[in-house]
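The file start25.txt contains compact mmCIF, C-alpha atoms and all ligand atoms:
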```txt
# COMPACT_ATOMS: atom_id res chain seq x y z
CA MET N 1 -17.83 -16.27 -3.48
CA LYS N 2 -18.19 -12.62 -4.46
CA HIS N 3 -19.84 -10.30 -1.95
CA GLN N 4 -22.50 -7.85 -2.97
CA PRO N 5 -21.06 -4.33 -2.94
CA LEU N 6 -21.97 -2.21 0.07
CA SER N 7 -24.52 0.46 -0.71
CA GLY N 8 -23.32 4.04 -1.12
CA ASP N 9 -25.27 5.21 1.95
CA PRO N 10 -23.51 7.38 4.52
CA LEU N 11 -22.12 5.52 7.54
CA PRO N 12 -24.70 4.84 10.26
CA SER N 13 -24.95 7.92 12.48
CA HIS N 14 -25.20 5.85 15.67
CA ALA N 15 -21.88 4.04 15.19
CA HIS N 16 -19.17 4.58 17.80
CA PRO N 17 -15.48 5.01 17.20
CA TYR N 18 -13.09 2.80 19.13
CA ARG N 19 -11.85 4.24 22.40
CA SER N 20 -8.35 2.82 22.28
CA ALA N 21 -6.03 1.58 19.57
CA ALA N 22 -2.66 -0.13 19.30
CA VAL N 23 -0.56 0.85 16.30
CA ILE N 24 2.20 -1.69 15.71
CA GLY N 25 5.11 -0.14 13.84
CA ALA N 26 6.54 3.30 14.65
CA GLY N 27 7.86 4.21 11.21
CA SER N 28 6.48 7.06 9.13
CA TRP N 29 3.09 5.56 8.26
CA GLY N 30 2.48 3.93 11.65
CA THR N 31 3.23 7.21 13.39
CA ALA N 32 1.05 9.22 10.99
CA LEU N 33 -1.87 6.84 11.62
CA ALA N 34 -1.29 6.99 15.37
CA VAL N 35 -1.25 10.79 15.21
CA THR N 36 -4.52 10.73 13.23
CA LEU N 37 -6.22 8.40 15.71
CA ALA N 38 -5.05 10.40 18.73
CA ARG N 39 -6.16 13.68 17.17
CA GLY N 40 -9.61 12.18 16.83
CA GLY N 41 -9.71 11.37 20.55
CA VAL N 42 -8.70 7.69 20.42
CA GLN N 43 -6.26 6.68 23.19
CA THR N 44 -3.40 5.36 21.10
CA ARG N 45 -0.37 3.26 21.95
CA LEU N 46 2.31 3.14 19.30
CA TRP N 47 4.64 0.13 19.43
CA GLY N 48 8.15 0.54 18.05
CA ARG N 49 11.02 -1.93 18.01
CA ASP N 50 13.59 0.85 18.22
CA ARG N 51 13.83 2.08 21.81
CA ALA N 52 15.36 5.44 20.83
CA VAL N 53 12.36 6.19 18.60
CA VAL N 54 9.95 5.20 21.38
CA ASP N 55 11.77 7.36 23.93
CA GLY N 56 11.89 10.30 21.53
CA ILE N 57 8.13 10.17 21.05
CA ASN N 58 7.44 10.01 24.78
CA ARG N 59 10.02 12.55 25.94
CA ALA N 60 10.55 15.05 23.13
CA ARG N 61 7.12 14.41 21.56
CA GLU N 62 8.71 14.09 18.13
CA THR N 63 10.19 11.43 15.85
CA ARG N 64 12.82 11.36 13.13
CA PHE N 65 10.24 9.69 10.87
CA LEU N 66 8.06 12.82 10.80
CA PRO N 67 10.30 15.79 11.58
CA GLY N 68 8.42 18.87 12.77
CA VAL N 69 5.20 17.01 13.56
CA PRO N 70 4.31 17.33 17.26
CA MET N 71 2.91 14.18 18.87
CA PRO N 72 -0.61 14.89 20.17
CA ALA N 73 -1.81 14.17 23.71
CA GLY N 74 -3.37 10.74 23.84
CA LEU N 75 -0.50 9.18 21.88
CA ASN N 76 2.11 7.22 23.83
CA ALA N 77 4.83 4.98 22.50
CA VAL N 78 5.82 1.61 23.99
CA HIS N 79 8.51 -0.94 23.35
CA GLU N 80 6.68 -4.02 24.72
CA MET N 81 4.06 -5.70 22.56
CA GLU N 82 2.04 -6.76 25.59
CA ALA N 83 1.79 -3.17 26.82
CA ALA N 84 0.77 -1.95 23.37
CA LEU N 85 -2.11 -4.39 23.10
CA ALA N 86 -3.38 -4.35 26.70
CA GLY N 87 -6.96 -3.09 26.64
CA ALA N 88 -6.85 -2.11 22.94
CA ASP N 89 -10.16 -2.17 21.03
CA VAL N 90 -8.43 -2.41 17.65
CA ALA N 91 -4.89 -2.93 16.33
CA LEU N 92 -3.19 -1.64 13.20
CA ILE N 93 -0.11 -3.40 11.84
CA VAL N 94 2.08 -0.88 10.01
CA VAL N 95 5.44 -2.41 9.11
CA PRO N 96 6.93 -3.21 5.69
CA SER N 97 5.22 -6.12 3.91
CA ARG N 98 8.15 -8.51 4.47
CA ALA N 99 7.76 -8.06 8.27
CA VAL N 100 3.97 -8.49 8.47
CA ARG N 101 4.03 -12.23 9.20
CA SER N 102 6.49 -12.07 12.09
CA VAL N 103 4.82 -8.99 13.56
CA ALA N 104 1.33 -10.53 13.25
CA ARG N 105 2.69 -13.61 15.05
CA ALA N 106 3.92 -11.41 17.90
CA VAL N 107 0.56 -9.60 17.99
CA ALA N 108 -1.28 -12.93 18.18
CA GLU N 109 0.54 -13.76 21.38
CA TYR N 110 -0.96 -10.83 23.31
CA ALA N 111 -4.06 -9.71 21.38
CA ALA N 112 -7.46 -10.33 22.96
CA PRO N 113 -9.58 -12.99 21.23
CA GLY N 114 -11.78 -11.27 18.68
CA LEU N 115 -9.59 -8.13 18.49
CA PRO N 116 -10.03 -6.57 15.02
CA VAL N 117 -6.69 -6.06 13.27
CA ALA N 118 -6.11 -3.85 10.22
CA VAL N 119 -2.97 -4.35 8.14
CA CYS N 120 -1.64 -1.15 6.58
CA ALA N 121 1.32 -2.54 4.62
CA LYS N 122 1.11 -2.70 0.82
CA GLY N 123 2.34 -5.82 -0.91
CA ILE N 124 2.14 -9.55 -1.57
CA GLU N 125 4.13 -12.04 0.50
CA ALA N 126 7.04 -13.21 -1.64
CA GLU N 127 7.17 -16.82 -0.49
CA THR N 128 3.44 -17.58 -0.57
CA GLY N 129 1.76 -15.09 -2.92
CA LEU N 130 -0.67 -14.20 -0.14
CA LEU N 131 -2.22 -10.79 0.37
CA MET N 132 -1.14 -9.01 3.55
CA THR N 133 -4.50 -9.65 5.23
CA GLN N 134 -4.25 -13.36 4.36
CA VAL N 135 -0.77 -13.50 5.89
CA ALA N 136 -2.05 -11.81 9.06
CA GLU N 137 -5.11 -14.08 9.15
CA GLU N 138 -2.88 -17.14 9.15
CA GLU N 139 -1.14 -15.83 12.25
CA LEU N 140 -4.09 -14.23 14.04
CA GLY N 141 -6.52 -17.10 14.00
CA ARG N 142 -10.16 -16.15 14.37
CA ARG N 143 -9.67 -12.42 14.86
CA PRO N 144 -11.26 -10.25 12.11
CA VAL N 145 -8.57 -8.96 9.78
CA GLY N 146 -8.93 -6.01 7.41
CA CYS N 147 -6.80 -3.28 5.91
CA VAL N 148 -6.43 0.47 5.46
CA SER N 149 -5.19 1.65 2.07
CA GLY N 150 -5.29 4.75 -0.10
CA PRO N 151 -3.39 7.77 -1.42
CA THR N 152 -1.76 8.82 1.84
CA PHE N 153 1.78 10.15 2.06
CA ALA N 154 2.57 9.83 5.76
CA ARG N 155 3.96 13.31 6.17
CA GLU N 156 1.02 15.06 4.49
CA THR N 157 -1.41 12.99 6.57
CA ALA N 158 0.41 13.89 9.78
CA LEU N 159 0.52 17.58 8.81
CA GLY N 160 -3.27 17.52 8.49
CA HIS N 161 -3.54 17.91 4.72
CA PRO N 162 -7.02 16.74 3.70
CA THR N 163 -6.60 13.01 3.03
CA ALA N 164 -8.91 10.08 2.27
CA ALA N 165 -8.41 6.32 2.48
CA THR N 166 -10.37 3.09 2.42
CA VAL N 167 -10.95 0.80 5.39
CA ALA N 168 -11.79 -2.73 4.21
CA PHE N 169 -12.97 -5.69 6.30
CA PRO N 170 -15.00 -8.74 5.28
CA PHE N 171 -18.68 -8.08 6.02
CA SER N 172 -20.34 -10.99 7.79
CA TYR N 173 -24.10 -11.50 7.81
CA ALA N 174 -24.19 -9.86 11.24
CA ASP N 175 -22.19 -6.89 9.94
CA ARG N 176 -24.72 -6.40 7.15
CA LEU N 177 -27.58 -6.44 9.64
CA LYS N 178 -25.81 -4.01 11.99
CA PRO N 179 -23.13 -2.15 10.03
CA ALA N 180 -22.69 0.33 12.90
CA ASP N 181 -21.05 -2.44 14.92
CA SER N 182 -18.77 -3.65 12.14
CA ALA N 183 -15.01 -3.29 12.47
CA ALA N 184 -14.84 -1.44 9.15
CA VAL N 185 -17.32 1.25 10.15
CA ARG N 186 -15.93 1.65 13.66
CA LEU N 187 -12.34 1.94 12.45
CA ALA N 188 -13.39 4.34 9.68
CA LEU N 189 -15.03 6.54 12.32
CA SER N 190 -12.02 6.25 14.62
CA LEU N 191 -9.71 7.50 11.87
CA SER N 192 -11.98 10.29 10.69
CA THR N 193 -11.03 13.82 11.69
CA GLU N 194 -11.63 17.19 10.04
CA SER N 195 -8.73 16.40 7.69
CA PHE N 196 -8.92 12.60 7.36
CA ARG N 197 -11.85 10.97 5.59
CA ALA N 198 -12.29 7.20 5.62
CA TYR N 199 -14.46 5.19 3.24
CA VAL N 200 -15.57 1.60 3.85
CA SER N 201 -15.27 -1.45 1.61
CA ASP N 202 -15.78 -5.20 1.90
CA ASP N 203 -13.57 -6.02 -1.10
CA LEU N 204 -10.20 -6.79 0.47
CA VAL N 205 -8.82 -8.35 -2.69
CA GLY N 206 -9.67 -5.31 -4.82
CA VAL N 207 -8.27 -2.90 -2.24
CA GLU N 208 -5.06 -4.83 -1.57
CA ILE N 209 -4.23 -5.55 -5.19
CA GLY N 210 -4.42 -1.81 -5.91
CA GLY N 211 -2.00 -1.10 -3.08
CA ALA N 212 0.45 -3.81 -4.11
CA LEU N 213 0.58 -2.99 -7.83
CA LYS N 214 0.66 0.80 -7.63
CA ASN N 215 4.16 0.73 -6.17
CA VAL N 216 5.50 -1.35 -9.05
CA ILE N 217 3.85 0.89 -11.64
CA ALA N 218 5.24 3.96 -9.85
CA ILE N 219 8.74 2.54 -10.31
CA ALA N 220 7.99 2.22 -14.04
CA CYS N 221 6.77 5.84 -14.18
CA GLY N 222 9.88 6.96 -12.35
CA MET N 223 12.15 5.04 -14.71
CA MET N 224 10.61 6.52 -17.84
CA THR N 225 10.57 10.03 -16.34
CA GLY N 226 14.16 9.64 -15.20
CA ALA N 227 15.09 8.53 -18.71
CA GLY N 228 13.80 11.86 -20.04
CA PHE N 229 10.24 11.20 -21.12
CA ALA N 230 7.29 13.25 -19.92
CA GLU N 231 3.57 13.39 -19.33
CA ASN N 232 2.26 11.30 -22.26
CA THR N 233 4.37 8.38 -21.15
CA ARG N 234 3.38 8.69 -17.49
CA ALA N 235 -0.34 8.95 -18.33
CA ALA N 236 -0.12 5.84 -20.50
CA LEU N 237 1.61 3.87 -17.75
CA ILE N 238 -0.90 5.00 -15.12
CA THR N 239 -3.90 4.11 -17.29
CA ARG N 240 -2.58 0.76 -18.44
CA GLY N 241 -1.53 0.14 -14.85
CA VAL N 242 -5.17 0.45 -13.80
CA ASP N 243 -5.98 -2.28 -16.30
CA GLU N 244 -3.33 -4.55 -14.76
CA MET N 245 -4.83 -3.95 -11.31
CA LYS N 246 -8.37 -4.69 -12.53
CA ASN N 247 -7.39 -7.90 -14.29
CA LEU N 248 -5.47 -9.31 -11.35
CA ALA N 249 -8.06 -8.24 -8.77
CA GLU N 250 -10.82 -9.89 -10.78
CA ALA N 251 -8.87 -13.11 -11.29
CA LEU N 252 -8.41 -13.36 -7.52
CA GLY N 253 -12.12 -12.79 -6.75
CA GLY N 254 -12.05 -9.01 -6.22
CA ARG N 255 -14.15 -6.43 -8.03
CA ARG N 256 -12.93 -4.37 -10.97
CA GLU N 257 -14.77 -1.27 -9.75
CA THR N 258 -12.91 -1.32 -6.44
CA VAL N 259 -9.78 -0.53 -8.44
CA THR N 260 -11.33 2.78 -9.53
CA GLY N 261 -11.45 3.89 -5.88
CA LEU N 262 -8.94 5.46 -3.50
CA SER N 263 -6.85 2.32 -2.99
CA GLY N 264 -6.42 1.78 -6.74
CA VAL N 265 -6.65 4.77 -9.07
CA GLY N 266 -6.27 7.14 -6.10
CA ASP N 267 -3.04 5.70 -4.81
CA LEU N 268 -1.68 5.05 -8.29
CA THR N 269 -2.22 8.68 -9.24
CA LEU N 270 -0.50 9.89 -6.07
CA THR N 271 2.44 7.55 -6.22
CA CYS N 272 3.09 8.02 -9.94
CA SER N 273 3.00 11.82 -9.71
CA SER N 274 5.64 12.79 -7.21
CA PRO N 275 9.21 12.09 -6.20
CA THR N 276 7.88 12.19 -2.61
CA SER N 277 7.02 8.57 -3.36
CA ARG N 278 9.94 6.30 -2.56
CA ASN N 279 8.87 4.00 -5.39
CA MET N 280 8.74 6.79 -7.96
CA ALA N 281 12.02 8.14 -6.55
CA LEU N 282 13.77 4.78 -7.00
CA GLY N 283 12.54 4.60 -10.59
CA LEU N 284 13.68 8.19 -11.28
CA GLN N 285 17.20 7.44 -10.06
CA LEU N 286 17.45 4.18 -11.99
CA GLY N 287 16.08 5.91 -15.11
CA GLN N 288 18.83 8.52 -14.75
CA GLY N 289 21.40 5.75 -14.70
CA VAL N 290 22.18 5.72 -10.97
CA ALA N 291 23.33 2.27 -9.81
CA ARG N 292 20.91 0.59 -7.39
CA ALA N 293 23.48 0.58 -4.58
CA ASP N 294 23.87 4.37 -4.88
CA CYS N 295 20.15 5.20 -4.92
CA PHE N 296 18.97 7.23 -1.89
CA ASP N 297 22.68 7.95 -1.25
CA GLY N 298 23.05 4.33 -0.23
CA GLU N 299 20.56 4.68 2.68
CA PRO N 300 18.19 1.75 3.29
CA VAL N 301 14.71 2.94 2.29
CA VAL N 302 11.48 0.93 2.21
CA VAL N 303 10.62 0.56 -1.51
CA GLU N 304 7.76 -1.92 -1.56
CA GLY N 305 7.49 -2.05 -5.34
CA GLU N 306 10.99 -3.46 -5.66
CA VAL N 307 10.41 -6.81 -3.96
CA ASN N 308 6.77 -6.76 -5.03
CA ALA N 309 7.65 -6.51 -8.73
CA LYS N 310 8.55 -10.16 -8.33
CA SER N 311 5.79 -11.24 -5.95
CA VAL N 312 2.93 -9.66 -7.93
CA THR N 313 4.13 -11.11 -11.23
CA ASP N 314 4.69 -14.54 -9.65
CA LEU N 315 1.12 -14.41 -8.37
CA ALA N 316 -0.28 -13.16 -11.69
CA ARG N 317 1.52 -15.90 -13.63
CA ARG N 318 0.04 -18.50 -11.29
CA VAL N 319 -3.50 -17.32 -12.02
CA GLY N 320 -2.91 -16.78 -15.75
CA VAL N 321 -2.98 -12.97 -15.83
CA THR N 322 -0.43 -10.95 -17.81
CA LEU N 323 0.89 -7.75 -16.23
CA PRO N 324 3.06 -6.18 -18.95
CA ILE N 325 4.22 -3.13 -16.97
CA CYS N 326 4.94 -5.07 -13.78
CA GLU N 327 6.75 -7.74 -15.84
CA THR N 328 8.91 -5.02 -17.39
CA VAL N 329 9.86 -3.66 -13.96
CA ARG N 330 10.58 -7.19 -12.75
CA ALA N 331 12.81 -7.91 -15.75
CA ILE N 332 14.83 -4.74 -15.11
CA LEU N 333 15.09 -5.04 -11.32
CA HIS N 334 15.44 -8.78 -10.90
CA GLU N 335 16.53 -10.30 -14.20
CA GLY N 336 19.17 -7.89 -15.43
CA ALA N 337 17.22 -6.65 -18.47
CA PRO N 338 18.58 -3.35 -19.82
CA LEU N 339 16.07 -0.59 -19.01
CA GLY N 340 15.91 0.77 -22.56
CA ASP N 341 15.37 -2.63 -24.21
CA ALA N 342 12.71 -3.60 -21.68
CA PHE N 343 10.66 -0.42 -22.16
CA ALA N 344 11.05 -0.46 -25.96
CA ALA N 345 9.70 -4.02 -25.92
CA LEU N 346 6.80 -2.90 -23.70
CA TRP N 347 5.84 -0.24 -26.25
CA ALA N 348 6.06 -2.68 -29.16
CA ARG N 349 3.79 -5.33 -27.67
CA PRO N 350 1.00 -6.63 -29.93
CA ILE N 351 -1.83 -4.16 -30.47
CA GLU N 352 -4.79 -4.90 -28.19
CA ALA N 353 -8.33 -3.69 -27.68
CA GLU N 354 -9.23 -1.13 -25.06
CA PRO N 355 -11.31 -1.94 -23.09
CA ARG N 356 -10.43 -5.59 -23.36
CA ALA N 357 -13.97 -6.83 -24.17
CA MET N 358 -13.00 -7.21 -27.85
CA ASP N 359 -10.91 -10.26 -28.57
CA LEU N 360 -8.17 -8.66 -30.61
CA SER N 361 -4.42 -9.00 -30.94
CA PHE N 362 -2.24 -7.82 -33.83
CA SER N 363 1.52 -7.67 -33.91
CA HIS N 364 2.95 -4.18 -33.61
CA PRO N 365 4.12 -2.63 -36.90
CA ALA N 366 7.39 -1.11 -35.61
CA THR N 367 10.48 -2.71 -37.16
CA ASP N 368 13.18 -4.28 -35.04
CA GLN N 369 15.43 -1.37 -36.04
CA ALA N 370 12.86 1.20 -34.85
CA ILE N 371 12.43 -0.62 -31.55
CA ALA N 372 16.19 -0.76 -31.06
CA THR N 373 16.37 2.98 -31.73
CA LEU N 374 13.76 3.69 -29.05
CA ALA N 375 15.64 1.44 -26.64
CA GLU N 376 18.77 3.49 -27.25
CA ARG N 377 16.92 6.76 -26.61
CA ILE N 378 15.71 5.42 -23.24
CA SER N 379 19.09 4.08 -22.15
N1 LIG P 401 5.10 6.15 4.34
C1 LIG P 401 3.95 6.29 3.70
O1 LIG P 401 3.64 7.38 3.22
C2 LIG P 401 3.02 5.13 3.59
C3 LIG P 401 3.45 3.83 3.78
N2 LIG P 401 2.58 2.79 3.64
C4 LIG P 401 3.02 1.42 3.84
O2 LIG P 401 3.32 1.23 5.21
C5 LIG P 401 4.30 0.19 5.34
C6 LIG P 401 5.39 0.69 6.26
O3 LIG P 401 6.06 1.75 5.60
P1 LIG P 401 6.65 3.03 6.33
O4 LIG P 401 6.04 3.27 7.66
O5 LIG P 401 6.58 4.13 5.35
O6 LIG P 401 8.16 2.57 6.51
P2 LIG P 401 9.27 3.22 7.43
O7 LIG P 401 10.57 2.83 6.88
O8 LIG P 401 8.99 4.66 7.64
O9 LIG P 401 9.06 2.48 8.82
C7 LIG P 401 9.08 1.07 8.92
C8 LIG P 401 8.94 0.72 10.38
O10 LIG P 401 8.80 -0.69 10.48
C9 LIG P 401 9.73 -1.15 11.46
N3 LIG P 401 10.11 -2.51 11.11
C10 LIG P 401 10.75 -2.95 10.00
N4 LIG P 401 10.93 -4.27 10.05
C11 LIG P 401 10.40 -4.69 11.22
C12 LIG P 401 10.28 -5.94 11.85
N5 LIG P 401 10.75 -7.06 11.27
N6 LIG P 401 9.70 -6.00 13.04
C13 LIG P 401 9.23 -4.90 13.64
N7 LIG P 401 9.30 -3.68 13.09
C14 LIG P 401 9.88 -3.57 11.89
C15 LIG P 401 10.90 -0.18 11.40
O11 LIG P 401 11.61 -0.22 12.63
C16 LIG P 401 10.15 1.13 11.21
O12 LIG P 401 9.71 1.65 12.43
C17 LIG P 401 4.78 -0.13 3.92
O13 LIG P 401 4.13 -1.30 3.46
C18 LIG P 401 4.30 1.07 3.10
O14 LIG P 401 4.02 0.73 1.76
C19 LIG P 401 1.27 2.97 3.32
C20 LIG P 401 0.79 4.24 3.14
C21 LIG P 401 1.62 5.42 3.25
O1 LIG P 402 1.85 4.28 -0.20
C1 LIG P 402 2.20 5.43 -0.20
C2 LIG P 402 1.28 6.56 -0.42
O2 LIG P 402 -0.05 6.12 -0.47
C3 LIG P 402 3.63 5.77 -0.01
O3 LIG P 402 4.27 5.59 -1.22
P1 LIG P 402 5.83 5.28 -1.26
O4 LIG P 402 6.06 4.02 -0.45
O5 LIG P 402 6.17 5.13 -2.69
O6 LIG P 402 6.54 6.46 -0.63
```
In structure tokens, write the structure found in this file.
Ligand SMILES: NC(=O)C1=CN([C@@H]2O[C@H](COP(=O)(O)OP(=O)(O)OC[C@H]3O[C@@H](n4cnc5c(N)ncnc54)[C@H](O)[C@@H]3O)[C@@H](O)[C@H]2O)C=CC1
Ligand SMILES: O=C(CO)COP(=O)(O)O
Amino acid sequence: MKHQPLSGDPLPSHAHPYRSAAVIGAGSWGTALAVTLARGGVQTRLWGRDRAVVDGINRARETRFLPGVPMPAGLNAVHEMEAALAGADVALIVVPSRAVRSVARAVAEYAAPGLPVAVCAKGIEAETGLLMTQVAEEELGRRPVGCVSGPTFARETALGHPTAATVAFPFSYADRLKPADSAAVRLALSLSTESFRAYVSDDLVGVEIGGALKNVIAIACGMMTGAGFAENTRAALITRGVDEMKNLAEALGGRRETVTGLSGVGDLTLTCSSPTSRNMALGLQLGQGVARADCFDGEPVVVEGEVNAKSVTDLARRVGVTLPICETVRAILHEGAPLGDAFAALWARPIEAEPRAMDLSFSHPATDQAIATLAERIS
């Protein structure tokens, strides 16, 4: 069933932020969120699996994940899950998408019944095709599960650059009667500081599909940029990427207009614009002809769009939605398709209507020879 959109009214003025939070995952985004919460006066415990990182935060008040960012008072790191969750009013899970299920299972062991949990990873579970909040829900039982998503490079957020993101939770009947008490509003307030602005949504599907697809499309933008093309190409990929997000979100019960918000267009714009993005950076290197094993100088780096190129297209195929850009990235990354051939084929797809309301499809007039020539220019 589709929910009615929330109204555009400002958040209720009598809502209260949470007093204490547990942030599970002490990488760059988990630490940036913990810093944001603590700066806003929320007592924050940051759980990390790496003891050296935890000790560094507590003793030196710094972390290798965010060099030069001092850890504020009110932020303490812990290595035991039980200690992280004891007395917490809300928990945020901030680990890579492939680790969300096991971490949510560990959280479930110690989290209070009814504890609201927000998942901040971006992706689709490879084995099941589930959204990150659905994965967490399976492990967390009856606790309310939502997400935080938007255009938010961790380092910029932690440095206090003005940043905005969306907090999404399902809105029950009770939440609609008293939005001030809802997890979404309370977490949005808890995250809000002079430099961090949170918006509220009840469309988890729309929000999460934006976050999962933008990484794959950023790899495509990086590949084409790395191969020597410029702004026209990137703008086309971003815009057609929005269409892929809308179509998949709608097919899964989300709202197309959610995709035009921070978690969709916002994050897509950010991630497709800068080599700060690990997804864009991977694409750039591959587009320049660097072998996958040599990308990032061989260092292991979280590139969500890589594994998600497969999981989002698997999911889309199951629900009968075509994602041409994501399919192209999948073919290159996972099926050995030559980059030039795959992108030339993407550009020579049948002509379609925009927007898609018109039922129209004509084969593209470029000859096989012309397409092969473009493929060679990209390679
Ligand atoms: N870095 C950023 O700017 C942003 C990242 N995100 C999302 O946040 C998620 C996490 O990414 P980052 O923090 O950037 O990655 P990261 O590489 O900086 O840190 C990942 C953290 O997760 C921990 N981890 C990995 N596997 C684990 C497991 N099985 N159990 C427990 N802990 C585990 C690592 O020890 C590390 O502390 C990703 O889904 C990413 O897309 C979202 C918004 C911004
Ligand atoms: O999700 C992000 C910004 O919103 C981070 O993007 P990357 O994972 O590509 O660095």
Between atom CA of N:Val301 and atom O3 of ligand LIG 402 (chain P) - distance in Å to one decimal = 11.3 Å
Step by step, gather every atom of ligand LIG 401 (chain P) that the file lists, find the box along x, y and z that holds them, add 5 Å on each side, and finally give centre and edge lengths in Å to one decimal, as AutoDock Vina command-line options.
```
--center_x 6.2 --center_y 0.2 --center_z 7.7 --size_x 20.8 --size_y 24.4 --size_z 21.9
```
What does the distance from atom CA of N:Ile238 to atom CA of N:Asp267 come to in Å, to one decimal?
-> 10.6 Å
Near N:Ala22, within 10 Å and counting only C-alpha atoms, which residues show up once chain neighbours fewer than 5 positions away are dropped, as a list in words?
-> Ala34, Leu37, Val42, Gln43, Thr44, Arg45, Leu46, Trp47, Leu75, Asn76, Ala77, Val78, Met81, Ala83, Ala84, Leu85, Ala86, Gly87, Ala88, Asp89, Val90, Ala91, Leu92, Ile93, Ala111 and Val117 of chain N
Rows by chain and residue number, stretch 25-118 of chain N within 7 Å of stretch 133-145 of chain N, shortest pair, all atoms listed in the file, as CSV:
```
residue,atom,partner,partner_atom,distance
N:Val100,CA,N:Ala136,CA,6.9
N:Arg101,CA,N:Val135,CA,6.0
N:Ala104,CA,N:Ala136,CA,5.5
N:Arg105,CA,N:Glu139,CA,5.2
N:Ala108,CA,N:Leu140,CA,5.2
N:Pro113,CA,N:Arg143,CA,6.4
N:Gly114,CA,N:Arg143,CA,4.5
N:Leu115,CA,N:Arg143,CA,5.6
N:Pro116,CA,N:Pro144,CA,4.9
N:Val117,CA,N:Val145,CA,4.9
N:Ala118,CA,N:Val145,CA,5.7
```
Point out the residue among N:Gly241, N:Leu33, N:Gly289, N:Gly123 with the least atom-to-atom distance to N:Thr163, counting only C-alpha atoms.
-> N:Leu33
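Compared by their closest atoms to ligand LIG 402 (chain P), and using all atoms listed in the file, the residues N:Gly305, N:Pro179, N:Gly40, N:Pro17 rank with N:Gly305 nearest.
The closest residue to ligand LIG 401 (chain P), picked from N:Asp50, N:Glu208, N:Glu80, N:Asp181 and counting only C-alpha atoms and all ligand atoms, is N:Asp50.
Contact shell of N:Arg186 at 8 Å (only C-alpha atoms; same-chain neighbours under 2 positions omitted): Ala15, His16, Pro17, Tyr18, Ala180, Asp181, Ser182, Ala183, Ala184, Ala188, Leu189 and Ser190 of chain N.
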Test item: residues lying within 9 Å of ligand LIG 402 (chain P) with only C-alpha atoms and all ligand atoms, as JSON, numbers by chain = {"N": [29, 121, 122, 149, 150, 151, 152, 153, 154, 165, 211, 214, 215, 218, 219, 263, 266, 267, 268, 270, 271, 272, 274, 275, 276, 277, 278, 279, 280, 281, 282, 302, 303, 304, 305]}
Hey, can you check how far atom CA of N:Ala73 sits from atom O12 of ligand LIG 401 (chain P)?
-> 20.4 Å
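Nearest to ligand LIG 401 (chain P) of all the residues N:Val242, N:Leu237, N:Val307, N:Gly222 is N:Val307, counting only C-alpha atoms and all ligand atoms.
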So, counting all atoms listed in the file, which residue among N:Val312, N:Ala220, N:Ala32, N:Val94 is closest to ligand LIG 401 (chain P)?
-> N:Val94
